[in-house]
$ cat query-v1.cif   # mmCIF, C-alpha atoms
data_input
loop_
_atom_site.group_PDB
_atom_site.id
_atom_site.type_symbol
_atom_site.label_atom_id
_atom_site.label_comp_id
_atom_site.auth_asym_id
_atom_site.auth_seq_id
_atom_site.Cartn_x
_atom_site.Cartn_y
_atom_site.Cartn_z
ATOM 1 C CA MET A 1 15.571 -44.987 23.586
ATOM 2 C CA ASN A 2 13.140 -47.111 21.597
ATOM 3 C CA PRO A 3 14.401 -47.027 17.953
ATOM 4 C CA PHE A 4 10.859 -46.649 16.606
ATOM 5 C CA ARG A 5 10.235 -43.682 18.942
ATOM 6 C CA LEU A 6 13.605 -42.226 17.913
ATOM 7 C CA ALA A 7 12.721 -42.535 14.222
ATOM 8 C CA PHE A 8 9.287 -41.003 14.816
ATOM 9 C CA THR A 9 10.796 -38.097 16.770
ATOM 10 C CA ALA A 10 13.371 -37.477 14.037
ATOM 11 C CA ALA A 11 10.667 -37.519 11.351
ATOM 12 C CA ALA A 12 8.458 -35.165 13.323
ATOM 13 C CA PHE A 13 11.383 -32.815 13.843
ATOM 14 C CA ALA A 14 12.183 -32.888 10.121
ATOM 15 C CA ILE A 15 8.569 -32.106 9.215
ATOM 16 C CA GLY A 16 8.483 -29.261 11.731
ATOM 17 C CA ALA A 17 11.766 -27.853 10.450
ATOM 18 C CA ALA A 18 10.554 -28.043 6.866
ATOM 19 C CA ALA A 19 7.371 -26.210 7.815
ATOM 20 C CA GLN A 20 9.395 -23.503 9.529
ATOM 21 C CA GLU A 21 11.675 -23.143 6.503
ATOM 22 C CA ALA A 22 8.820 -22.923 4.006
ATOM 23 C CA PRO A 23 8.751 -19.428 2.517
ATOM 24 C CA LYS A 24 5.978 -17.161 3.693
ATOM 25 C CA ALA A 25 3.484 -16.394 0.960
ATOM 26 C CA VAL A 26 2.327 -12.845 0.280
ATOM 27 C CA LEU A 27 0.013 -11.199 -2.233
ATOM 28 C CA VAL A 28 0.904 -7.972 -4.065
ATOM 29 C CA THR A 29 -1.774 -6.188 -6.081
ATOM 30 C CA GLY A 30 -0.870 -3.960 -9.000
ATOM 31 C CA ALA A 31 2.389 -5.883 -9.390
ATOM 32 C CA SER A 32 2.974 -5.222 -13.086
ATOM 33 C CA SER A 33 5.015 -2.017 -12.785
ATOM 34 C CA GLY A 34 6.305 0.751 -10.539
ATOM 35 C CA ILE A 35 6.028 0.209 -6.810
ATOM 36 C CA GLY A 36 4.164 -3.075 -7.130
ATOM 37 C CA ARG A 37 6.770 -4.587 -9.435
ATOM 38 C CA ARG A 38 9.680 -3.514 -7.260
ATOM 39 C CA VAL A 39 7.970 -4.770 -4.100
ATOM 40 C CA THR A 40 7.342 -8.108 -5.824
ATOM 41 C CA GLU A 41 10.987 -8.384 -6.856
ATOM 42 C CA ARG A 42 12.327 -7.392 -3.439
ATOM 43 C CA LEU A 43 10.115 -9.777 -1.452
ATOM 44 C CA ALA A 44 10.879 -12.630 -3.855
ATOM 45 C CA GLU A 45 14.609 -11.890 -3.572
ATOM 46 C CA LYS A 46 14.275 -12.040 0.220
ATOM 47 C CA GLY A 47 12.762 -15.504 0.101
ATOM 48 C CA TYR A 48 9.043 -14.794 0.192
ATOM 49 C CA PHE A 49 6.738 -16.581 -2.226
ATOM 50 C CA VAL A 50 4.844 -13.823 -4.006
ATOM 51 C CA TYR A 51 1.440 -14.047 -5.624
ATOM 52 C CA ALA A 52 1.686 -11.124 -8.031
ATOM 53 C CA GLY A 53 -1.595 -9.645 -9.209
ATOM 54 C CA ALA A 54 -1.837 -8.097 -12.678
ATOM 55 C CA ARG A 55 -4.473 -7.641 -15.353
ATOM 56 C CA SER A 56 -2.913 -8.073 -18.802
ATOM 57 C CA GLN A 57 -1.584 -11.357 -20.150
ATOM 58 C CA LYS A 58 1.655 -9.658 -21.169
ATOM 59 C CA ASP A 59 2.259 -8.521 -17.588
ATOM 60 C CA LEU A 60 1.361 -11.952 -16.236
ATOM 61 C CA ASP A 61 3.818 -13.611 -18.626
ATOM 62 C CA ASP A 62 6.527 -11.150 -17.599
ATOM 63 C CA LEU A 63 5.964 -11.754 -13.884
ATOM 64 C CA ALA A 64 6.075 -15.514 -14.432
ATOM 65 C CA LYS A 65 9.760 -15.203 -15.322
ATOM 66 C CA LEU A 66 10.634 -14.161 -11.760
ATOM 67 C CA ARG A 67 11.807 -16.711 -9.218
ATOM 68 C CA ASN A 68 9.482 -17.280 -6.228
ATOM 69 C CA VAL A 69 6.651 -15.491 -8.050
ATOM 70 C CA GLN A 70 3.307 -16.849 -9.221
ATOM 71 C CA PRO A 71 1.297 -14.373 -11.283
ATOM 72 C CA LEU A 72 -2.432 -14.115 -10.698
ATOM 73 C CA LYS A 73 -4.929 -12.526 -13.065
ATOM 74 C CA LEU A 74 -6.339 -9.984 -10.660
ATOM 75 C CA ASP A 75 -8.367 -6.854 -11.233
ATOM 76 C CA VAL A 76 -9.244 -5.501 -7.778
ATOM 77 C CA THR A 77 -12.543 -4.148 -9.141
ATOM 78 C CA VAL A 78 -13.707 -7.565 -10.405
ATOM 79 C CA GLN A 79 -15.095 -9.872 -7.720
ATOM 80 C CA ALA A 80 -14.793 -12.931 -9.954
ATOM 81 C CA ASP A 81 -11.025 -12.321 -10.245
ATOM 82 C CA ILE A 82 -10.750 -11.947 -6.480
ATOM 83 C CA ASP A 83 -12.727 -15.136 -5.817
ATOM 84 C CA ALA A 84 -10.566 -17.063 -8.285
ATOM 85 C CA ALA A 85 -7.399 -15.713 -6.641
ATOM 86 C CA VAL A 86 -8.602 -16.796 -3.198
ATOM 87 C CA ALA A 87 -9.338 -20.262 -4.557
ATOM 88 C CA THR A 88 -5.877 -20.510 -6.160
ATOM 89 C CA VAL A 89 -4.034 -19.393 -3.036
ATOM 90 C CA THR A 90 -6.101 -21.630 -0.766
ATOM 91 C CA LYS A 91 -5.630 -24.675 -2.983
ATOM 92 C CA ALA A 92 -1.844 -24.152 -3.085
ATOM 93 C CA GLY A 93 -1.701 -24.880 0.650
ATOM 94 C CA ARG A 94 0.985 -22.327 1.515
ATOM 95 C CA GLY A 95 -1.414 -20.129 3.435
ATOM 96 C CA LEU A 96 -1.018 -16.374 3.145
ATOM 97 C CA TYR A 97 1.162 -14.363 5.502
ATOM 98 C CA GLY A 98 0.582 -10.947 4.055
ATOM 99 C CA ILE A 99 -1.119 -8.585 1.637
ATOM 100 C CA VAL A 100 0.293 -5.518 -0.092
ATOM 101 C CA ASN A 101 -2.612 -3.360 -1.259
ATOM 102 C CA ASN A 102 -0.773 -1.449 -3.962
ATOM 103 C CA ALA A 103 -3.086 -1.263 -6.989
ATOM 104 C CA GLY A 104 -3.895 2.381 -7.652
ATOM 105 C CA VAL A 105 -5.008 4.940 -10.213
ATOM 106 C CA ALA A 106 -5.031 8.735 -10.419
ATOM 107 C CA VAL A 107 -7.596 11.311 -11.520
ATOM 108 C CA VAL A 108 -6.616 14.944 -12.039
ATOM 109 C CA GLY A 109 -9.152 17.730 -12.307
ATOM 110 C CA PRO A 110 -10.885 20.665 -10.605
ATOM 111 C CA LEU A 111 -13.172 19.410 -7.872
ATOM 112 C CA ILE A 112 -16.081 21.679 -8.812
ATOM 113 C CA GLU A 113 -16.024 20.468 -12.420
ATOM 114 C CA LEU A 114 -15.480 16.717 -12.030
ATOM 115 C CA ASP A 115 -18.269 14.173 -12.417
ATOM 116 C CA GLU A 116 -19.279 11.650 -9.768
ATOM 117 C CA LYS A 117 -18.100 8.896 -12.092
ATOM 118 C CA ASP A 118 -14.538 10.241 -11.698
ATOM 119 C CA LEU A 119 -14.686 9.696 -7.961
ATOM 120 C CA ASP A 120 -16.386 6.327 -8.458
ATOM 121 C CA PHE A 121 -13.490 5.278 -10.696
ATOM 122 C CA ILE A 122 -10.672 6.251 -8.352
ATOM 123 C CA PHE A 123 -12.333 5.022 -5.163
ATOM 124 C CA ASN A 124 -13.300 1.748 -6.823
ATOM 125 C CA VAL A 125 -9.614 0.927 -7.275
ATOM 126 C CA ASN A 126 -7.776 2.773 -4.518
ATOM 127 C CA ILE A 127 -10.186 2.144 -1.640
ATOM 128 C CA TYR A 128 -12.806 -0.448 -2.519
ATOM 129 C CA GLY A 129 -10.095 -2.533 -4.176
ATOM 130 C CA ALA A 130 -8.040 -2.703 -0.968
ATOM 131 C CA PHE A 131 -11.236 -3.315 1.006
ATOM 132 C CA ARG A 132 -12.296 -6.198 -1.265
ATOM 133 C CA ILE A 133 -8.871 -7.838 -1.313
ATOM 134 C CA THR A 134 -8.306 -7.637 2.439
ATOM 135 C CA LYS A 135 -11.791 -8.864 3.238
ATOM 136 C CA ALA A 136 -11.454 -11.819 0.866
ATOM 137 C CA PHE A 137 -8.047 -12.945 2.133
ATOM 138 C CA ALA A 138 -8.530 -12.014 5.811
ATOM 139 C CA PRO A 139 -9.192 -15.577 7.032
ATOM 140 C CA LEU A 140 -5.843 -16.749 5.647
ATOM 141 C CA VAL A 141 -3.900 -13.766 7.013
ATOM 142 C CA ILE A 142 -5.546 -14.057 10.436
ATOM 143 C CA ALA A 143 -4.720 -17.773 10.551
ATOM 144 C CA ALA A 144 -1.073 -16.888 9.852
ATOM 145 C CA LYS A 145 -1.057 -13.966 12.315
ATOM 146 C CA GLY A 146 0.410 -12.073 9.415
ATOM 147 C CA ARG A 147 0.629 -8.572 8.014
ATOM 148 C CA VAL A 148 -1.336 -6.140 5.866
ATOM 149 C CA VAL A 149 0.484 -3.296 4.135
ATOM 150 C CA ASN A 150 -1.468 -0.496 2.473
ATOM 151 C CA ILE A 151 0.326 1.742 -0.021
ATOM 152 C CA SER A 152 -0.947 5.250 0.604
ATOM 153 C CA SER A 153 0.901 8.359 -0.588
ATOM 154 C CA LEU A 154 2.507 11.583 0.493
ATOM 155 C CA ASN A 155 -0.695 13.002 -0.993
ATOM 156 C CA GLY A 156 -2.637 11.194 1.698
ATOM 157 C CA ILE A 157 -1.190 13.884 3.969
ATOM 158 C CA VAL A 158 -0.637 16.826 1.620
ATOM 159 C CA THR A 159 -2.892 17.853 -1.242
ATOM 160 C CA SER A 160 -2.928 20.625 -3.788
ATOM 161 C CA ALA A 161 -5.050 21.945 -6.612
ATOM 162 C CA PHE A 162 -6.367 19.412 -9.148
ATOM 163 C CA ILE A 163 -5.071 16.291 -7.396
ATOM 164 C CA GLY A 164 -7.923 16.454 -4.885
ATOM 165 C CA PRO A 165 -9.542 13.195 -6.054
ATOM 166 C CA TYR A 166 -6.295 11.267 -5.611
ATOM 167 C CA SER A 167 -5.656 12.837 -2.211
ATOM 168 C CA MET A 168 -9.217 12.062 -1.138
ATOM 169 C CA SER A 169 -8.661 8.393 -1.930
ATOM 170 C CA LYS A 170 -5.336 8.328 -0.098
ATOM 171 C CA HIS A 171 -6.732 10.148 2.942
ATOM 172 C CA ALA A 172 -9.291 7.337 2.992
ATOM 173 C CA THR A 173 -6.451 4.801 2.783
ATOM 174 C CA GLU A 174 -4.949 6.352 5.905
ATOM 175 C CA ALA A 175 -8.227 5.963 7.807
ATOM 176 C CA TYR A 176 -8.752 2.454 6.450
ATOM 177 C CA GLY A 177 -5.330 1.391 7.716
ATOM 178 C CA ASP A 178 -5.968 2.844 11.180
ATOM 179 C CA GLY A 179 -9.342 1.141 11.482
ATOM 180 C CA LEU A 180 -7.986 -2.164 10.215
ATOM 181 C CA ALA A 181 -5.047 -2.014 12.638
ATOM 182 C CA ALA A 182 -7.381 -1.477 15.600
ATOM 183 C CA GLU A 183 -9.559 -4.421 14.598
ATOM 184 C CA LEU A 184 -6.908 -6.936 13.515
ATOM 185 C CA GLY A 185 -4.260 -6.108 16.116
ATOM 186 C CA PRO A 186 -5.985 -8.158 18.856
ATOM 187 C CA LEU A 187 -6.053 -11.096 16.406
ATOM 188 C CA GLY A 188 -2.290 -10.978 15.949
ATOM 189 C CA VAL A 189 -2.234 -9.215 12.565
ATOM 190 C CA ARG A 190 -0.090 -6.094 12.186
ATOM 191 C CA VAL A 191 -1.135 -3.369 9.731
ATOM 192 C CA SER A 192 1.235 -0.803 8.231
ATOM 193 C CA THR A 193 0.571 2.190 5.992
ATOM 194 C CA ILE A 194 3.300 3.403 3.663
ATOM 195 C CA GLU A 195 3.319 6.966 2.335
ATOM 196 C CA PRO A 196 5.673 7.174 -0.665
ATOM 197 C CA GLY A 197 6.795 10.471 -2.102
ATOM 198 C CA ASN A 198 7.603 11.015 -5.774
ATOM 199 C CA TYR A 199 9.138 7.824 -7.133
ATOM 200 C CA GLY A 200 9.285 6.472 -10.650
ATOM 201 C CA THR A 201 5.978 4.786 -11.454
ATOM 202 C CA GLU A 202 3.599 4.521 -14.407
ATOM 203 C CA ILE A 203 0.647 6.073 -12.582
ATOM 204 C CA GLY A 204 1.034 9.300 -14.576
ATOM 205 C CA LYS A 205 1.487 7.453 -17.867
ATOM 206 C CA ASN A 206 -1.615 5.354 -17.212
ATOM 207 C CA MET A 207 -3.616 8.454 -16.292
ATOM 208 C CA LEU A 208 -2.562 10.173 -19.512
ATOM 209 C CA ALA A 209 -3.645 7.133 -21.532
ATOM 210 C CA ARG A 210 -7.185 7.560 -20.171
ATOM 211 C CA LEU A 211 -7.198 11.357 -20.385
ATOM 212 C CA ASP A 212 -9.466 13.420 -22.604
ATOM 213 C CA THR A 213 -7.211 16.434 -23.175
ATOM 214 C CA THR A 214 -10.157 18.539 -24.348
ATOM 215 C CA ARG A 215 -12.272 17.850 -21.297
ATOM 216 C CA PHE A 216 -11.622 21.125 -19.455
ATOM 217 C CA LYS A 217 -11.192 23.275 -22.549
ATOM 218 C CA GLY A 218 -12.572 26.724 -21.744
ATOM 219 C CA SER A 219 -12.589 26.037 -17.998
ATOM 220 C CA ARG A 220 -11.448 28.797 -15.655
ATOM 221 C CA PHE A 221 -8.884 26.223 -14.485
ATOM 222 C CA GLU A 222 -7.699 25.057 -17.909
ATOM 223 C CA GLN A 223 -4.136 26.398 -17.847
ATOM 224 C CA GLN A 224 -3.430 25.340 -14.259
ATOM 225 C CA TRP A 225 -4.929 21.912 -14.978
ATOM 226 C CA ARG A 226 -2.707 21.453 -18.018
ATOM 227 C CA ARG A 227 0.381 22.271 -15.941
ATOM 228 C CA THR A 228 -0.653 19.659 -13.376
ATOM 229 C CA VAL A 229 -1.176 17.078 -16.123
ATOM 230 C CA ALA A 230 2.257 17.877 -17.530
ATOM 231 C CA SER A 231 3.833 17.351 -14.112
ATOM 232 C CA MET A 232 2.133 13.954 -13.796
ATOM 233 C CA ALA A 233 3.805 12.941 -17.052
ATOM 234 C CA GLN A 234 7.185 13.311 -15.330
ATOM 235 C CA PHE A 235 6.639 10.542 -12.780
ATOM 236 C CA GLU A 236 8.574 7.940 -14.746
ATOM 237 C CA THR A 237 11.685 10.154 -14.527
ATOM 238 C CA TYR A 238 11.776 10.092 -10.721
ATOM 239 C CA PRO A 239 14.040 7.696 -8.734
ATOM 240 C CA PRO A 240 13.068 4.009 -8.770
ATOM 241 C CA PRO A 241 10.944 2.955 -5.782
ATOM 242 C CA ASP A 242 13.615 0.835 -4.086
ATOM 243 C CA ASP A 243 13.095 2.663 -0.768
ATOM 244 C CA VAL A 244 9.406 1.792 -0.859
ATOM 245 C CA ALA A 245 10.214 -1.875 -1.429
ATOM 246 C CA ASP A 246 12.602 -1.749 1.547
ATOM 247 C CA ALA A 247 9.821 -0.312 3.718
ATOM 248 C CA VAL A 248 7.429 -3.068 2.679
ATOM 249 C CA PHE A 249 10.072 -5.682 3.465
ATOM 250 C CA ASP A 250 10.566 -4.157 6.915
ATOM 251 C CA ALA A 251 6.807 -4.156 7.502
ATOM 252 C CA PHE A 252 6.766 -7.900 6.781
ATOM 253 C CA SER A 253 10.020 -8.969 8.412
ATOM 254 C CA SER A 254 10.349 -6.773 11.505
ATOM 255 C CA ALA A 255 9.162 -8.105 14.847
ATOM 256 C CA THR A 256 7.895 -4.588 15.530
ATOM 257 C CA PRO A 257 6.753 -3.114 12.198
ATOM 258 C CA ARG A 258 5.881 0.561 12.153
ATOM 259 C CA ALA A 259 2.301 1.696 11.827
ATOM 260 C CA ARG A 260 3.474 4.250 9.251
ATOM 261 C CA TYR A 261 6.429 4.615 6.919
ATOM 262 C CA LEU A 262 6.951 7.995 5.256
ATOM 263 C CA VAL A 263 9.330 7.156 2.395
ATOM 264 C CA VAL A 264 10.608 9.987 0.210
ATOM 265 C CA PRO A 265 13.568 10.409 -2.182
ATOM 266 C CA VAL A 266 14.449 13.950 -1.038
ATOM 267 C CA ALA A 267 14.361 15.653 2.362
ATOM 268 C CA GLY A 268 12.100 18.457 1.196
ATOM 269 C CA GLN A 269 9.181 16.109 0.603
ATOM 270 C CA ALA A 270 9.357 14.830 4.175
ATOM 271 C CA THR A 271 9.519 18.387 5.490
ATOM 272 C CA ILE A 272 6.404 19.337 3.525
ATOM 273 C CA ALA A 273 4.453 16.399 4.953
ATOM 274 C CA LEU A 274 5.562 16.922 8.545
ATOM 275 C CA ARG A 275 4.941 20.662 8.396
ATOM 276 C CA LYS A 276 1.424 19.991 7.094
ATOM 277 C CA LEU A 277 0.693 17.703 10.039
ATOM 278 C CA MET A 278 2.079 20.252 12.497
ATOM 279 C CA ASP A 279 0.029 23.019 10.902
ATOM 280 C CA GLU A 280 -3.087 20.901 11.404
ATOM 281 C CA ILE A 281 -2.247 20.349 15.084
ATOM 282 C CA VAL A 282 -1.797 24.085 15.615
ATOM 283 C CA GLN A 283 -4.972 24.958 13.697
ATOM 284 C CA MET A 284 -7.058 22.397 15.581
ATOM 285 C CA ASN A 285 -5.618 23.408 18.938
ATOM 286 C CA ASP A 286 -6.244 27.109 18.345
ATOM 287 C CA SER A 287 -9.824 26.526 17.236
ATOM 288 C CA GLN A 288 -11.019 24.623 20.307
ATOM 289 C CA LYS A 289 -11.995 25.920 23.720
ATOM 290 C CA PHE A 290 -9.616 23.659 25.633
ATOM 291 C CA THR A 291 -6.493 25.008 23.947
ATOM 292 C CA LEU A 292 -3.195 23.564 25.144
ATOM 293 C CA ASP A 293 -0.240 25.860 25.712
ATOM 294 C CA ARG A 294 3.110 25.378 24.005
ATOM 295 C CA ASP A 295 4.630 23.430 26.913
ATOM 296 C CA ALA A 296 1.754 20.965 26.892
ATOM 297 C CA LEU A 297 2.111 20.455 23.144
ATOM 298 C CA VAL A 298 5.851 19.867 23.507
ATOM 299 C CA ARG A 299 5.248 17.316 26.276
ATOM 300 C CA MET A 300 2.730 15.584 24.037
ATOM 301 C CA LEU A 301 5.289 15.492 21.206
ATOM 302 C CA ASP A 302 7.984 14.113 23.505
ATOM 303 C CA ALA A 303 5.632 11.376 24.725
ATOM 304 C CA ALA A 304 4.772 10.437 21.137
ATOM 305 C CA ILE A 305 8.469 10.260 20.189
ATOM 306 C CA ALA A 306 9.241 8.064 23.218
ATOM 307 C CA SER A 307 6.337 5.758 22.403
ATOM 308 C CA ALA A 308 7.410 5.386 18.761
ATOM 309 C CA ARG A 309 10.926 4.409 19.785
ATOM 310 C CA ARG A 310 9.882 1.674 22.187
#
$ encode --input "query-v1.cif" --output "C-alpha cells"
Amino acid sequence: MNPFRLAFTAAAFAIGAAAQEAPKAVLVTGASSGIGRRVTERLAEKGYFVYAGARSQKDLDDLAKLRNVQPLKLDVTVQADIDAAVATVTKAGRGLYGIVNNAGVAVVGPLIELDEKDLDFIFNVNIYGAFRITKAFAPLVIAAKGRVVNISSLNGIVTSAFIGPYSMSKHATEAYGDGLAAELGPLGVRVSTIEPGNYGTEIGKNMLARLDTTRFKGSRFEQQWRRTVASMAQFETYPPPDDVADAVFDAFSSATPRARYLVVPVAGQATIALRKLMDEIVQMNDSQKFTLDRDALVRMLDAAIASARR
C-alpha cells in the first residue's frame, strides 16, 4: 500500500476514534443543589461533560470544583442568560447531546386565595423555563440526535390541597414532554419525563425563604395551609436523590430510553401514583357512552405492558 495513503488512513482513523471517544456534552439546569446537583455529579462521574446551570456566584464556584463540569450562570427566566449560555456552548465546539430541564420552584396556597402573580412565578420557572431552554438549544441537540429529559414530579400525577400550583406546573410538564417527544422523535431526538417522589432537595427550604407566613392569616384554610408548609420544610430530611440521577443516566445512555420514569424511595408512593392513574381510567370510561367492559380494559392493559417491554 502507498505509504502516504497508509499514513493518511491511519490519521483519519485516529481523528475518527478521538471524535468517538470525546465525552458527550449535556446541560443541567438548576444544578446547584438537590436533584440537579446529584444529576450533575452522576453524569460527570459517568464521563459526560456537564454544563451546570446555576444563579449565584457561590454555587458556580462550588460546581467549578467538579471534574468534567463547566458551570454556567443561568437563570431560566432571563433570556440574556440563556443567549449567553448558548453562545458559550456553541463556541466550545463540543456540541450538545442532551438537556436536563430540572430548575424548579414551589408555591403552596389555597387556589381560591392565590394571586395570578403566584402562578406567573411558578410557571415562569417550571414550564416557560424548560420551554425557553429547549427551544434555545434545540438546534444543537437535533444535530447530535440527542436526548431531552424533563424533571416532572409525582405531583404531576397526584395532587392534594394547597400544592395545586405546583401540581399544575408539573401536569403541564407531562404534556410538554409528550408533545416534544412527538415532534422531535422523527428527528432522532428521544424525550423522557422523570417523575420523582419525595427525595431530599432544597425546594421546600427555598420556598420557605420566599414565604410570607402572615399571608393567609385569618383564612378559612390557615391551619391546613400551615401544616402543608411544615411538611414542605421536611424535604431535606428525605433520602438523597441518587435514584433520580440513575434514571437520568439511563435516559441518556440507554439505546431505548423510557418515555417515563416513576422514581420513588418507598413503594407506597408508587402505589399512590398508579392507583390515581387507574382511578382516572375508570372514571373516564364510566362517564362516556362507549364504555369498555372489564375484559376490554384488561386486554388494553396487557397490550400496553407488552409494548412497554419491547
$ atom_distance --input "query-v1.cif" --atom1 "atom CA of A:Val69" --atom2 "atom CA of A:Gly129"
21.5 Å
$ resolve_selection --input "query-v1.cif" --expression "the PyMOL selection byres ((chain A and resi 32-46) around 6)" --output "list of chain:residue names"
A:Gly30, A:Ala31, A:Gly47, A:Tyr48, A:Phe49, A:Ala54, A:Asp59, A:Asn68, A:Thr201, A:Pro241, A:Ala245
$ closest_residue --input "query-v1.cif" --among "A:Val108, A:Asn124, A:Ile142, A:Ser152" --to "A:Gly188" --atoms "only C-alpha atoms"
A:Ile142
$ resolve_selection --input "query-v1.cif" --expression "the PyMOL selection byres ((chain A and resi 102) around 7)" --output "ChimeraX atom specification"
/A:28-30,36,100-101,103-104,150-151
$ atom_distance --input "query-v1.cif" --atom1 "atom CA of A:Pro257" --atom2 "atom CA of A:Pro139"
20.9 Å
$ resolve_selection --input "query-v1.cif" --expression "the PyMOL selection byres ((chain A and resi 51) around 8)" --output "ChimeraX atom specification"
/A:25-28,49-50,52-53,69-72
$ residues_around --input "query-v1.cif" --residues "stretch 86-95 of chain A" --least-positions-apart "4" --cutoff "8 Å" --atoms "all atoms listed in the file" --output "PyMOL selection string"
chain A and resi 24-25+82+136-137+140-141+144
$ atom_distance --input "query-v1.cif" --atom1 "atom CA of A:Phe121" --atom2 "atom CA of A:Asp81"
17.8 Å
$ closest_residue --input "query-v1.cif" --among "A:Tyr128, A:Phe216, A:Tyr97, A:Tyr238" --to "A:Asp75" --atoms "only C-alpha atoms"
A:Tyr128
$ closest_residue --input "query-v1.cif" --among "A:Val244, A:Ile127, A:Ile112, A:Ala251" --to "A:Arg147" --atoms "all atoms listed in the file"
A:Ala251
$ closest_residue --input "query-v1.cif" --among "A:Leu301, A:Met168, A:Val189, A:Ala138" --to "A:Met278" --atoms "all atoms listed in the file"
A:Leu301
$ closest_residue --input "query-v1.cif" --among "A:Ile281, A:Ser56, A:Thr214, A:Glu113" --to "A:Met300" --atoms "only C-alpha atoms"
A:Ile281
$ axis_aligned_box --input "query-v1.cif" --around "stretch 145-153 of chain A" --padding-each-side "6 Å" --output "AutoDock Vina command-line options"
--center_x -0.3 --center_y -2.8 --center_z 5.9 --size_x 14.4 --size_y 34.3 --size_z 24.9
$ residues_around --input "query-v1.cif" --residues "A:Ser192" --least-positions-apart "6" --cutoff "7 Å" --atoms "only C-alpha atoms" --output "JSON, numbers by chain"
{"A": [148, 149, 150, 177, 251, 258, 259, 260]}
$ closest_residue --input "query-v1.cif" --among "A:Gly179, A:Gly164, A:Pro240, A:Pro23" --to "A:Gly109" --atoms "only C-alpha atoms"
A:Gly164
$ residues_around --input "query-v1.cif" --residues "A:Val158" --least-positions-apart "5" --cutoff "9 Å" --atoms "all atoms listed in the file" --output "PyMOL selection string"
chain A and resi 153+167+272-273+276-277
